[in-house]
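Student: So I've got this file, my_file_29.txt, and it contains compact mmCIF, C-alpha atoms:
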# COMPACT_ATOMS: atom_id res chain seq x y z
CA LEU A 1 119.88 121.40 184.43
CA ASN A 2 120.45 117.67 184.50
CA TRP A 3 123.75 117.67 186.40
CA SER A 4 124.03 113.90 186.22
CA ALA A 5 123.92 113.89 182.40
CA ILE A 6 126.33 116.84 182.24
CA ALA A 7 128.70 115.13 184.66
CA GLU A 8 128.60 111.91 182.64
CA ARG A 9 129.57 113.76 179.42
CA TYR A 10 132.50 115.52 181.10
CA ALA A 11 133.60 112.37 182.93
CA ARG A 12 133.67 110.39 179.66
CA ALA A 13 135.66 113.16 177.95
CA ILE A 14 138.17 113.25 180.83
CA VAL A 15 138.49 109.45 180.75
CA ASP A 16 139.19 109.58 176.99
CA LEU A 17 141.87 112.22 177.60
CA GLY A 18 143.43 110.14 180.37
CA VAL A 19 143.47 107.04 178.17
CA GLU A 20 144.98 108.97 175.25
CA GLU A 21 147.76 110.26 177.46
CA ASN A 22 148.01 106.97 179.35
CA GLN A 23 147.41 108.95 182.53
CA LEU A 24 143.93 107.82 183.51
CA GLY A 25 144.89 106.69 187.01
CA PRO A 26 146.84 109.85 187.98
CA LEU A 27 144.25 112.09 186.30
CA THR A 28 141.38 110.49 188.23
CA GLU A 29 143.36 110.70 191.45
CA GLN A 30 144.28 114.37 190.87
CA LEU A 31 140.74 115.41 190.07
CA GLY A 32 139.55 113.51 193.14
CA ARG A 33 142.10 115.44 195.23
CA PHE A 34 140.87 118.74 193.82
CA TYR A 35 137.26 117.74 194.45
CA GLU A 36 138.05 117.05 198.12
CA CYS A 37 139.66 120.47 198.43
CA TYR A 38 136.75 122.14 196.59
CA ALA A 39 134.17 120.34 198.78
CA GLN A 40 135.95 121.27 202.02
CA SER A 41 136.71 124.92 201.28
CA ALA A 42 133.72 127.24 201.19
CA GLU A 43 136.04 130.13 200.23
CA LEU A 44 137.34 128.28 197.20
CA ARG A 45 133.80 127.47 196.11
CA GLU A 46 132.80 131.10 196.59
CA VAL A 47 135.65 132.29 194.35
CA LEU A 48 135.26 129.65 191.62
CA ASP A 49 131.46 129.71 191.45
CA ASN A 50 131.03 133.48 191.75
CA PRO A 51 130.10 134.93 188.33
CA SER A 52 131.09 138.46 189.42
CA ILE A 53 134.75 137.41 189.70
CA VAL A 54 136.51 138.05 186.40
CA GLU A 55 137.94 135.19 184.40
CA PRO A 56 141.67 136.01 184.83
CA SER A 57 141.35 136.23 188.62
CA ARG A 58 139.47 132.94 188.78
CA GLU A 59 142.03 131.26 186.56
CA ALA A 60 144.85 132.58 188.69
CA VAL A 61 143.23 131.09 191.79
CA LEU A 62 142.70 127.82 189.96
CA ARG A 63 146.35 127.69 188.83
CA GLU A 64 147.55 128.43 192.35
CA VAL A 65 145.39 125.70 193.90
CA ALA A 66 146.40 123.23 191.17
CA SER A 67 150.04 124.01 191.77
CA ARG A 68 149.71 123.48 195.51
CA LEU A 69 147.85 120.22 194.99
CA GLY A 70 150.40 119.07 192.44
CA LEU A 71 147.89 118.64 189.61
CA GLY A 72 149.11 117.83 186.13
CA LYS A 73 148.49 119.87 182.99
CA THR A 74 145.56 117.75 181.80
CA ALA A 75 143.79 117.94 185.17
CA LEU A 76 144.31 121.72 185.28
CA ASN A 77 142.97 122.14 181.74
CA ALA A 78 139.91 120.05 182.57
CA LEU A 79 139.26 122.21 185.65
CA ARG A 80 139.78 125.44 183.68
CA LEU A 81 137.24 124.25 181.13
CA LEU A 82 134.73 123.35 183.85
CA ALA A 83 135.24 126.71 185.55
CA ALA A 84 134.93 128.67 182.31
CA ARG A 85 131.70 126.89 181.43
CA ARG A 86 130.37 127.22 184.99
CA ARG A 87 130.22 123.48 185.43
CA LEU A 88 132.26 123.16 188.63
CA ARG A 89 129.05 122.44 190.50
CA ALA A 90 128.95 119.13 188.68
CA LEU A 91 132.38 118.26 190.08
CA PRO A 92 131.14 115.87 192.82
CA GLU A 93 129.19 113.86 190.26
CA ILE A 94 132.03 114.12 187.71
CA ALA A 95 134.48 112.80 190.31
CA ARG A 96 132.14 109.96 191.19
CA GLN A 97 131.49 108.98 187.57
CA LEU A 98 135.16 109.37 186.76
CA GLY A 99 135.93 106.86 189.50
CA VAL A 100 133.35 104.43 188.13
CA LEU A 101 134.51 104.80 184.51
CA SER A 102 138.13 104.65 185.48
CA ASP A 103 137.53 101.45 187.45
CA GLU A 104 135.65 99.97 184.50
CA ARG A 105 138.56 100.77 182.16
CA ALA A 106 141.14 99.44 184.57
CA ARG A 107 138.88 96.44 185.37
CA VAL A 108 138.94 97.34 189.03
CA LEU A 109 136.24 96.11 191.38
CA ARG A 110 135.83 98.09 194.60
CA ALA A 111 134.33 96.34 197.58
CA ARG A 112 133.86 97.16 201.23
CA ILE A 113 134.67 94.42 203.70
CA THR A 114 133.32 94.77 207.23
CA THR A 115 134.42 92.50 210.06
CA CYS A 116 133.60 92.33 213.73
CA VAL A 117 137.23 92.14 214.82
CA SER A 118 140.41 92.99 213.00
CA LEU A 119 141.59 90.01 210.95
CA SER A 120 145.06 89.19 209.67
CA GLU A 121 146.52 90.88 206.58
CA ASP A 122 146.77 87.44 205.02
CA TYR A 123 143.01 86.96 205.39
CA TYR A 124 142.19 90.19 203.52
CA GLN A 125 144.62 89.23 200.75
CA ARG A 126 143.01 85.82 200.43
CA VAL A 127 139.57 87.42 200.22
CA ALA A 128 140.79 89.80 197.50
CA LEU A 129 142.44 86.95 195.60
CA GLU A 130 139.30 84.84 195.77
CA MET A 131 137.22 87.74 194.50
CA GLU A 132 139.70 88.39 191.70
CA ARG A 133 139.64 84.71 190.76
CA VAL A 134 135.85 84.63 190.50
CA THR A 135 135.27 88.05 188.88
CA GLY A 136 138.41 88.22 186.75
CA ARG A 137 138.98 91.82 187.90
CA LYS A 138 141.45 93.52 190.16
CA VAL A 139 139.79 93.93 193.57
CA VAL A 140 140.33 96.92 195.85
CA LEU A 141 139.06 96.31 199.36
CA GLU A 142 138.00 99.07 201.70
CA ARG A 143 138.24 97.71 205.22
CA ARG A 144 135.84 98.51 208.05
CA GLN A 145 135.25 97.22 211.53
CA ASP A 146 131.83 97.01 213.16
CA ALA A 147 131.32 95.24 216.49
CA SER A 148 127.56 95.08 215.96
CA LEU A 149 128.13 92.27 213.45
CA ILE A 150 128.82 90.04 216.53
CA GLY A 151 130.89 87.75 214.32
CA GLY A 152 131.64 86.85 210.70
CA VAL A 153 132.24 89.01 207.65
CA LEU A 154 130.12 91.24 205.41
CA ILE A 155 131.09 92.35 201.91
CA GLN A 156 129.37 95.11 199.95
CA LEU A 157 129.98 94.92 196.24
CA GLY A 158 128.26 97.80 194.50
CA ASP A 159 124.54 97.19 194.98
CA HIS A 160 125.12 93.65 196.25
CA THR A 161 125.79 92.45 199.77
CA ILE A 162 127.32 89.14 200.81
CA ASP A 163 126.41 88.83 204.44
CA GLY A 164 128.24 86.19 206.44
CA SER A 165 127.83 87.96 209.76
CA ILE A 166 126.10 86.63 212.86
CA ARG A 167 123.93 89.76 212.86
CA GLY A 168 122.82 88.95 209.31
CA ARG A 169 122.06 85.34 210.19
CA LEU A 170 120.04 86.40 213.23
CA SER A 171 118.11 88.88 211.08
CA GLU A 172 117.43 86.11 208.58
CA ILE A 173 116.22 83.80 211.34
CA GLU A 174 113.94 86.52 212.66
CA ARG A 175 112.61 87.19 209.16
CA ARG A 176 111.88 83.49 208.60
CA LEU A 177 110.21 83.17 211.99
CA LEU A 178 107.97 86.12 211.18
CA GLN A 179 107.27 84.76 207.71
CA ALA A 180 106.21 81.43 209.17
CA SER A 181 103.72 83.10 211.52
CA MET B 1 -23.68 159.04 168.85
CA PRO B 2 -22.92 155.99 171.09
CA VAL B 3 -21.40 152.86 169.52
CA PRO B 4 -23.78 149.93 169.64
CA VAL B 5 -22.79 147.05 171.91
CA ALA B 6 -23.18 144.57 169.11
CA ALA B 7 -20.62 146.40 167.05
CA LEU B 8 -18.14 146.38 169.93
CA ALA B 9 -18.69 142.64 170.43
CA LEU B 10 -18.19 141.98 166.73
CA ASN B 11 -15.07 144.05 166.74
CA SER B 12 -13.68 142.06 169.70
CA VAL B 13 -14.51 138.73 168.05
CA LEU B 14 -12.77 139.81 164.89
CA LEU B 15 -9.70 140.96 166.87
CA LEU B 16 -9.48 137.76 168.87
CA GLY B 17 -9.99 135.66 165.77
CA GLY B 18 -7.21 137.50 163.98
CA LEU B 19 -4.87 137.08 166.90
CA TYR B 20 -5.65 133.32 167.09
CA LEU B 21 -5.07 132.89 163.39
CA LEU B 22 -1.72 134.73 163.60
CA SER B 23 -0.26 132.92 166.71
CA ARG B 24 -1.83 129.47 166.36
CA ARG B 25 1.32 127.69 164.99
CA ARG B 26 3.73 129.18 167.51
CA ILE B 27 1.53 128.29 170.46
CA ALA B 28 1.18 124.71 169.16
CA ALA B 29 4.96 124.39 168.78
CA ALA B 30 5.52 125.77 172.28
CA LEU B 31 3.06 123.33 173.69
CA VAL B 32 4.75 120.40 171.92
CA GLU B 33 8.14 121.57 173.28
CA ARG B 34 6.73 121.93 176.73
CA LYS B 35 5.30 118.43 176.59
CA ALA B 36 8.70 116.97 175.52
CA THR B 37 10.48 118.77 178.36
CA ILE B 38 8.01 117.47 180.90
CA LEU B 39 8.39 113.91 179.52
CA ARG B 40 12.21 114.16 179.70
CA ASP B 41 12.08 115.44 183.27
CA MET B 42 9.76 112.59 184.16
CA GLU B 43 12.21 110.09 182.60
CA GLU B 44 15.13 111.55 184.54
CA ALA B 45 13.13 111.44 187.75
CA ALA B 46 12.34 107.78 187.06
CA ASN B 47 16.05 107.05 186.49
CA MET B 48 17.03 108.79 189.70
CA ARG B 49 14.44 106.88 191.55
CA ARG B 50 15.72 103.57 190.15
CA TYR B 51 19.31 104.48 191.11
CA ALA B 52 18.19 105.51 194.61
CA GLU B 53 16.32 102.24 194.93
CA SER B 54 19.37 100.24 193.87
CA ARG B 55 21.62 102.09 196.35
CA LEU B 56 19.02 101.57 199.03
CA GLU B 57 18.99 97.89 198.22
CA GLU B 58 22.81 97.82 198.30
CA TYR B 59 22.94 99.57 201.67
CA GLU B 60 20.30 97.33 203.03
CA THR B 61 22.33 94.33 201.89
CA LYS B 62 25.46 95.78 203.42
CA LEU B 63 23.68 96.51 206.64
CA PHE B 64 22.38 93.01 206.55
CA ARG B 65 25.95 91.70 206.11
CA LEU B 66 27.57 94.21 208.50
CA ASP B 67 28.72 91.59 211.00
CA GLU B 68 30.22 89.59 208.20
CA GLU B 69 32.01 92.71 206.88
CA VAL B 70 33.30 93.65 210.30
CA GLU B 71 34.65 90.12 210.74
CA ARG B 72 36.27 90.24 207.29
CA VAL B 73 37.95 93.59 208.02
CA ARG B 74 39.12 92.32 211.40
CA HIS B 75 40.53 89.20 209.73
CA GLU B 76 42.33 91.28 207.10
CA MET B 77 43.80 93.55 209.79
CA ARG B 78 44.94 90.51 211.76
CA GLU B 79 46.61 89.08 208.64
CA ALA B 80 48.29 92.43 207.84
CA ALA B 81 49.51 92.72 211.44
CA GLU B 82 50.81 89.14 211.27
CA ILE B 83 52.67 89.83 208.01
CA GLU B 84 54.16 93.03 209.45
CA ARG B 85 55.17 91.25 212.63
CA ALA B 86 56.85 88.49 210.62
CA GLN B 87 58.66 91.05 208.50
CA ILE B 88 59.89 93.00 211.55
CA LEU B 89 61.01 89.73 213.12
CA ARG B 90 62.79 88.67 209.94
CA GLU B 91 64.55 92.04 209.65
CA ALA B 92 65.58 91.91 213.29
CA GLU B 93 66.95 88.40 212.81
CA GLU B 94 68.87 89.48 209.73
CA ARG B 95 70.30 92.44 211.64
CA ARG B 96 71.24 90.18 214.53
CA ASP B 97 72.93 87.69 212.17
CA ARG B 98 74.83 90.50 210.44
CA MET B 99 75.99 91.94 213.77
CA HIS B 100 77.01 88.47 214.87
CA ARG B 101 79.04 87.92 211.70
CA ASP B 102 80.67 91.36 212.01
CA ALA B 103 81.53 90.75 215.64
CA LEU B 104 83.03 87.34 214.79
CA LEU B 105 85.09 88.88 211.99
CA LEU B 106 86.30 91.67 214.27
CA ILE B 107 87.22 89.20 217.00
CA GLU B 108 89.05 87.05 214.44
CA GLN B 109 90.99 90.05 213.13
CA GLU B 110 91.87 91.20 216.63
CA LEU B 111 92.95 87.69 217.55
CA ARG B 112 95.09 87.42 214.43
CA ALA B 113 96.70 90.81 215.09
CA ALA B 114 97.34 89.90 218.72
CA ARG B 115 98.75 86.52 217.68
CA GLU B 116 101.04 88.17 215.12
CA ALA B 117 102.19 90.79 217.62
CA LEU B 118 102.85 88.05 220.16
CA TYR B 119 104.73 86.00 217.58
CA ARG B 120 106.75 89.03 216.49
CA GLU B 121 107.57 89.82 220.08
CA ALA B 122 108.54 86.21 220.76
CA ALA B 123 110.72 86.06 217.64
CA ARG B 124 112.41 89.33 218.52
CA GLY B 125 112.91 88.17 222.11
CA ALA B 126 114.40 84.87 220.95
CA VAL B 127 116.76 86.63 218.55
CA GLN B 128 117.78 89.14 221.22
CA SER B 129 118.45 86.31 223.69
CA ALA B 130 120.52 84.49 221.07
CA GLU B 131 122.39 87.71 220.29
CA ALA B 132 123.19 88.32 223.98
CA LEU B 133 124.33 84.74 224.39
CA LEU B 134 126.50 84.86 221.26
CA LEU B 135 128.05 88.18 222.28
CA LYS B 136 128.97 86.65 225.63
CA GLN B 137 130.29 83.37 224.31
CA MET B 138 131.95 84.42 221.03
CA THR B 139 135.68 83.68 221.15
CA ILE B 140 138.60 84.57 218.88
CA ALA B 141 138.57 80.97 217.68
CA ASP B 142 134.89 81.36 216.74
CA GLN B 143 135.65 84.58 214.88
CA GLN B 144 138.44 82.87 212.94
CA ARG B 145 136.27 79.88 212.13
CA LEU B 146 133.46 82.19 210.92
CA SER B 147 135.85 84.16 208.70
CA ARG B 148 137.28 80.90 207.29
CA ASP B 149 133.77 79.63 206.55
CA PHE B 150 132.96 82.94 204.88
CA LEU B 151 136.03 82.74 202.68
CA ALA B 152 135.16 79.17 201.68
CA ALA B 153 131.65 80.23 200.62
CA LEU B 154 132.73 83.53 199.01
CA GLY B 155 133.37 82.23 195.48
CA PRO B 156 129.94 80.62 194.97
CA ALA B 157 128.30 83.65 196.62
CA ILE B 158 129.94 86.07 194.15
CA GLN B 159 129.08 83.77 191.24
CA SER B 160 125.45 83.82 192.29
CA LEU B 161 125.46 87.64 192.08
CA GLU B 162 126.11 87.40 188.35
CA ILE B 163 128.60 90.26 188.26
CA ALA B 164 129.78 90.94 184.70
CA PRO B 165 133.42 89.84 184.31
As structure tokens, please, write out the structure in this file.
Tutor:
Amino acid sequence: LNWSAIAERYARAIVDLGVEENQLGPLTEQLGRFYECYAQSAELREVLDNPSIVEPSREAVLREVASRLGLGKTALNALRLLAARRRLRALPEIARQLGVLSDERARVLRARITTCVSLSEDYYQRVALEMERVTGRKVVLERRQDASLIGGVLIQLGDHTIDGSIRGRLSEIERRLLQAS
Amino acid sequence: MPVPVAALALNSVLLLGGLYLLSRRRIAAALVERKATILRDMEEAANMRRYAESRLEEYETKLFRLDEEVERVRHEMREAAEIERAQILREAEERRDRMHRDALLLIEQELRAAREALYREAARGAVQSAEALLLKQMTIADQQRLSRDFLAALGPAIQSLEIAP
């Protein structure tokens, strides 16, 4: 089975549902919450993935978990469908693709900003604003701190990296020195 | 009554005469054949003798020129030995040249590898020294200046990534 292709189909269908109901953000967030619970609980996985457990029992468990997690009707129906078709194993990939598609729809750009020391809130806001100005998208920054950078800032934007750290500059110097040899 | 001697003699003459008359042609033919065989044998003997004489003459000539022949053979052997010696020498020289080239190439490769390793080590050492120095001397003001510089260069950097708007 090509889980990636399966996940993409389901993720697109869920996105369409979310858009129709104008609930894409909450739906993505709720499914992400369920995925975290599903990934952390081996017992829950055992119950939901076990083919010997009858459908009504599985659905009852699903309803109970959804209720405790505060999932909406659309999220619950999507999960019931996945469970009935034995596609819950694709949930990690569905959640990931759902995030990507949802961000694309909402024109959200997620980036990870790593600094050597903690910088002011104002600085992070200015970085986000600058990124929004250039890309024309809403930017969500995930902040990290890493002392090994020595100094400066590093931003990871999908597959791209903008490295303004001292560590990066030193690595570049070393690379050039070796290239020149 | 005894047979008269004259009758016996006449009888014998008649018998011998009859026999002669009956076998005369065959005897003549046999004699002619015999003569031809003897002549052929004589011819062959003459041929063999001529051949033996020519060989004798040849051997006598060779014997006469034996010193010359020995000198010729010795000369040929000397020439062959000289050619072989030259060939062995040439092959040895070629082998020596090849080994010399290989050794030079190997030395060059080793030198290059050692030089690269040394350069790599030096570059790494320099970067590590710089890193230690920067770690020691980096101040809050430096950090703020670096983050300001980064923010100033962020726009062009993102534009160069060609991210779809």
Student: Let me make sure I understand: among A:Asn22, A:Gln97, A:Asn77, A:Ser171, which one has the smallest atom-to-atom distance to Tyr10 of chain A if we use all atoms listed in the file?
Tutor: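 Answer, going by the shortest atom-to-atom distance: A:Gln97.
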Student: Quick one: residues within 9 Å of segment 110-122 of chain A, only C-alpha atoms counted, chain neighbours fewer than 4 positions away excluded, as a VMD selection string?
Tutor: (chain A and resid 103 126 to 127 138 to 158 165) or (chain B and resid 140 143 to 144 147)
Student: Write out as JSON lines a residue-level contact list of chain B versus chain A with cut-off 12 Å: for each qualifying residue the closest pair of atoms and the distance in Å to one decimal, counting only C-alpha atoms, rows sorted by chain and residue number upward.
Tutor:
{"residue": "B:Arg112", "atom": "CA", "partner": "A:Ser181", "partner_atom": "CA", "distance": 10.1}
{"residue": "B:Ala113", "atom": "CA", "partner": "A:Ser181", "partner_atom": "CA", "distance": 11.0}
{"residue": "B:Ala114", "atom": "CA", "partner": "A:Ser181", "partner_atom": "CA", "distance": 11.8}
{"residue": "B:Arg115", "atom": "CA", "partner": "A:Ser181", "partner_atom": "CA", "distance": 8.6}
{"residue": "B:Glu116", "atom": "CA", "partner": "A:Ser181", "partner_atom": "CA", "distance": 6.8}
{"residue": "B:Ala117", "atom": "CA", "partner": "A:Leu178", "partner_atom": "CA", "distance": 9.8}
{"residue": "B:Leu118", "atom": "CA", "partner": "A:Ser181", "partner_atom": "CA", "distance": 10.0}
{"residue": "B:Tyr119", "atom": "CA", "partner": "A:Ser181", "partner_atom": "CA", "distance": 6.8}
{"residue": "B:Arg120", "atom": "CA", "partner": "A:Leu178", "partner_atom": "CA", "distance": 6.2}
{"residue": "B:Glu121", "atom": "CA", "partner": "A:Leu178", "partner_atom": "CA", "distance": 9.6}
{"residue": "B:Ala122", "atom": "CA", "partner": "A:Leu177", "partner_atom": "CA", "distance": 9.4}
{"residue": "B:Ala123", "atom": "CA", "partner": "A:Glu174", "partner_atom": "CA", "distance": 5.9}
{"residue": "B:Arg124", "atom": "CA", "partner": "A:Glu174", "partner_atom": "CA", "distance": 6.7}
{"residue": "B:Gly125", "atom": "CA", "partner": "A:Glu174", "partner_atom": "CA", "distance": 9.6}
{"residue": "B:Ala126", "atom": "CA", "partner": "A:Glu174", "partner_atom": "CA", "distance": 8.5}
{"residue": "B:Val127", "atom": "CA", "partner": "A:Leu170", "partner_atom": "CA", "distance": 6.3}
{"residue": "B:Gln128", "atom": "CA", "partner": "A:Leu170", "partner_atom": "CA", "distance": 8.7}
{"residue": "B:Ser129", "atom": "CA", "partner": "A:Leu170", "partner_atom": "CA", "distance": 10.6}
{"residue": "B:Ala130", "atom": "CA", "partner": "A:Leu170", "partner_atom": "CA", "distance": 8.1}
{"residue": "B:Glu131", "atom": "CA", "partner": "A:Leu170", "partner_atom": "CA", "distance": 7.6}
{"residue": "B:Ala132", "atom": "CA", "partner": "A:Ile150", "partner_atom": "CA", "distance": 9.5}
{"residue": "B:Leu133", "atom": "CA", "partner": "A:Ile150", "partner_atom": "CA", "distance": 10.5}
{"residue": "B:Leu134", "atom": "CA", "partner": "A:Ile150", "partner_atom": "CA", "distance": 7.4}
{"residue": "B:Leu135", "atom": "CA", "partner": "A:Ile150", "partner_atom": "CA", "distance": 6.1}
{"residue": "B:Lys136", "atom": "CA", "partner": "A:Ile150", "partner_atom": "CA", "distance": 9.7}
{"residue": "B:Gln137", "atom": "CA", "partner": "A:Ile150", "partner_atom": "CA", "distance": 10.4}
{"residue": "B:Met138", "atom": "CA", "partner": "A:Gly151", "partner_atom": "CA", "distance": 7.6}
{"residue": "B:Thr139", "atom": "CA", "partner": "A:Gly151", "partner_atom": "CA", "distance": 9.3}
{"residue": "B:Ile140", "atom": "CA", "partner": "A:Val117", "partner_atom": "CA", "distance": 8.7}
{"residue": "B:Ala141", "atom": "CA", "partner": "A:Gly151", "partner_atom": "CA", "distance": 10.8}
{"residue": "B:Asp142", "atom": "CA", "partner": "A:Gly151", "partner_atom": "CA", "distance": 7.9}
{"residue": "B:Gln143", "atom": "CA", "partner": "A:Gly151", "partner_atom": "CA", "distance": 5.7}
{"residue": "B:Gln144", "atom": "CA", "partner": "A:Leu119", "partner_atom": "CA", "distance": 8.1}
{"residue": "B:Arg145", "atom": "CA", "partner": "A:Gly152", "partner_atom": "CA", "distance": 8.5}
{"residue": "B:Leu146", "atom": "CA", "partner": "A:Gly152", "partner_atom": "CA", "distance": 5.0}
{"residue": "B:Ser147", "atom": "CA", "partner": "A:Gly152", "partner_atom": "CA", "distance": 5.4}
{"residue": "B:Arg148", "atom": "CA", "partner": "A:Tyr123", "partner_atom": "CA", "distance": 8.6}
{"residue": "B:Asp149", "atom": "CA", "partner": "A:Gly164", "partner_atom": "CA", "distance": 8.6}
{"residue": "B:Phe150", "atom": "CA", "partner": "A:Gly164", "partner_atom": "CA", "distance": 5.9}
{"residue": "B:Leu151", "atom": "CA", "partner": "A:Val127", "partner_atom": "CA", "distance": 6.4}
{"residue": "B:Ala152", "atom": "CA", "partner": "A:Glu130", "partner_atom": "CA", "distance": 9.2}
{"residue": "B:Ala153", "atom": "CA", "partner": "A:Gly164", "partner_atom": "CA", "distance": 9.0}
{"residue": "B:Leu154", "atom": "CA", "partner": "A:Glu130", "partner_atom": "CA", "distance": 7.4}
{"residue": "B:Gly155", "atom": "CA", "partner": "A:Val134", "partner_atom": "CA", "distance": 6.1}
{"residue": "B:Pro156", "atom": "CA", "partner": "A:Val134", "partner_atom": "CA", "distance": 8.4}
{"residue": "B:Ala157", "atom": "CA", "partner": "A:Ile162", "partner_atom": "CA", "distance": 7.0}
{"residue": "B:Ile158", "atom": "CA", "partner": "A:Val134", "partner_atom": "CA", "distance": 7.1}
{"residue": "B:Gln159", "atom": "CA", "partner": "A:Val134", "partner_atom": "CA", "distance": 6.9}
{"residue": "B:Ser160", "atom": "CA", "partner": "A:Ile162", "partner_atom": "CA", "distance": 10.2}
{"residue": "B:Leu161", "atom": "CA", "partner": "A:His160", "partner_atom": "CA", "distance": 7.3}
{"residue": "B:Glu162", "atom": "CA", "partner": "A:Thr135", "partner_atom": "CA", "distance": 9.2}
{"residue": "B:Ile163", "atom": "CA", "partner": "A:Thr135", "partner_atom": "CA", "distance": 7.1}
{"residue": "B:Ala164", "atom": "CA", "partner": "A:Thr135", "partner_atom": "CA", "distance": 7.5}
{"residue": "B:Pro165", "atom": "CA", "partner": "A:Thr135", "partner_atom": "CA", "distance": 5.2}
Student: Would you put the residues from that selection into a file with C-alpha atoms, as a compact mmCIF listing (two decimals), in the frame of the given file?
Tutor:
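The result, stored in part32.txt:
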# COMPACT_ATOMS: atom_id res chain seq x y z
CA ARG B 112 95.09 87.42 214.43
CA ALA B 113 96.70 90.81 215.09
CA ALA B 114 97.34 89.90 218.72
CA ARG B 115 98.75 86.52 217.68
CA GLU B 116 101.04 88.17 215.12
CA ALA B 117 102.19 90.79 217.62
CA LEU B 118 102.85 88.05 220.16
CA TYR B 119 104.73 86.00 217.58
CA ARG B 120 106.75 89.03 216.49
CA GLU B 121 107.57 89.82 220.08
CA ALA B 122 108.54 86.21 220.76
CA ALA B 123 110.72 86.06 217.64
CA ARG B 124 112.41 89.33 218.52
CA GLY B 125 112.91 88.17 222.11
CA ALA B 126 114.40 84.87 220.95
CA VAL B 127 116.76 86.63 218.55
CA GLN B 128 117.78 89.14 221.22
CA SER B 129 118.45 86.31 223.69
CA ALA B 130 120.52 84.49 221.07
CA GLU B 131 122.39 87.71 220.29
CA ALA B 132 123.19 88.32 223.98
CA LEU B 133 124.33 84.74 224.39
CA LEU B 134 126.50 84.86 221.26
CA LEU B 135 128.05 88.18 222.28
CA LYS B 136 128.97 86.65 225.63
CA GLN B 137 130.29 83.37 224.31
CA MET B 138 131.95 84.42 221.03
CA THR B 139 135.68 83.68 221.15
CA ILE B 140 138.60 84.57 218.88
CA ALA B 141 138.57 80.97 217.68
CA ASP B 142 134.89 81.36 216.74
CA GLN B 143 135.65 84.58 214.88
CA GLN B 144 138.44 82.87 212.94
CA ARG B 145 136.27 79.88 212.13
CA LEU B 146 133.46 82.19 210.92
CA SER B 147 135.85 84.16 208.70
CA ARG B 148 137.28 80.90 207.29
CA ASP B 149 133.77 79.63 206.55
CA PHE B 150 132.96 82.94 204.88
CA LEU B 151 136.03 82.74 202.68
CA ALA B 152 135.16 79.17 201.68
CA ALA B 153 131.65 80.23 200.62
CA LEU B 154 132.73 83.53 199.01
CA GLY B 155 133.37 82.23 195.48
CA PRO B 156 129.94 80.62 194.97
CA ALA B 157 128.30 83.65 196.62
CA ILE B 158 129.94 86.07 194.15
CA GLN B 159 129.08 83.77 191.24
CA SER B 160 125.45 83.82 192.29
CA LEU B 161 125.46 87.64 192.08
CA GLU B 162 126.11 87.40 188.35
CA ILE B 163 128.60 90.26 188.26
CA ALA B 164 129.78 90.94 184.70
CA PRO B 165 133.42 89.84 184.31
Student: What does the structure give for the distance between atom CA of Ile94 of chain A and atom CA of Thr28 of chain A, in Å to one decimal?
Tutor: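 Computed distance, atom CA of Ile94 of chain A to atom CA of Thr28 of chain A, equals 10.0 Å.
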Student: Find the residues around Trp3 of chain A up to 12 Å (all atoms listed in the file counted), leave out those fewer than 5 positions away in its own chain, and share them as number ranges by chain.
Tutor: A: 8-11, 86-94, 97
Student: So that I have them on file, write out the residues from the current selection with C-alpha atoms, as a PDB file, in the frame of the given file.
Tutor:
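What ended up in part.pdb:
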ATOM      1  CA  GLU A   8     128.600 111.910 182.640  1.00  0.00           C
ATOM      2  CA  ARG A   9     129.570 113.760 179.420  1.00  0.00           C
ATOM      3  CA  TYR A  10     132.500 115.520 181.100  1.00  0.00           C
ATOM      4  CA  ALA A  11     133.600 112.370 182.930  1.00  0.00           C
ATOM      5  CA  ARG A  86     130.370 127.220 184.990  1.00  0.00           C
ATOM      6  CA  ARG A  87     130.220 123.480 185.430  1.00  0.00           C
ATOM      7  CA  LEU A  88     132.260 123.160 188.630  1.00  0.00           C
ATOM      8  CA  ARG A  89     129.050 122.440 190.500  1.00  0.00           C
ATOM      9  CA  ALA A  90     128.950 119.130 188.680  1.00  0.00           C
ATOM     10  CA  LEU A  91     132.380 118.260 190.080  1.00  0.00           C
ATOM     11  CA  PRO A  92     131.140 115.870 192.820  1.00  0.00           C
ATOM     12  CA  GLU A  93     129.190 113.860 190.260  1.00  0.00           C
ATOM     13  CA  ILE A  94     132.030 114.120 187.710  1.00  0.00           C
ATOM     14  CA  GLN A  97     131.490 108.980 187.570  1.00  0.00           C
TER      15      GLN A  97
END
Student: So what do you get for atom CA of Gly32 of chain A versus atom CA of Val15 of chain A, distance-wise?
Tutor: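 These two atoms are separated by 13.1 Å.
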Student: Which distance in Å separates atom CA of Cys37 of chain A and atom CA of Arg68 of chain A, to one decimal?
Tutor: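 Computing the Euclidean distance for atom CA of Cys37 of chain A and atom CA of Arg68 of chain A yields 10.9 Å.
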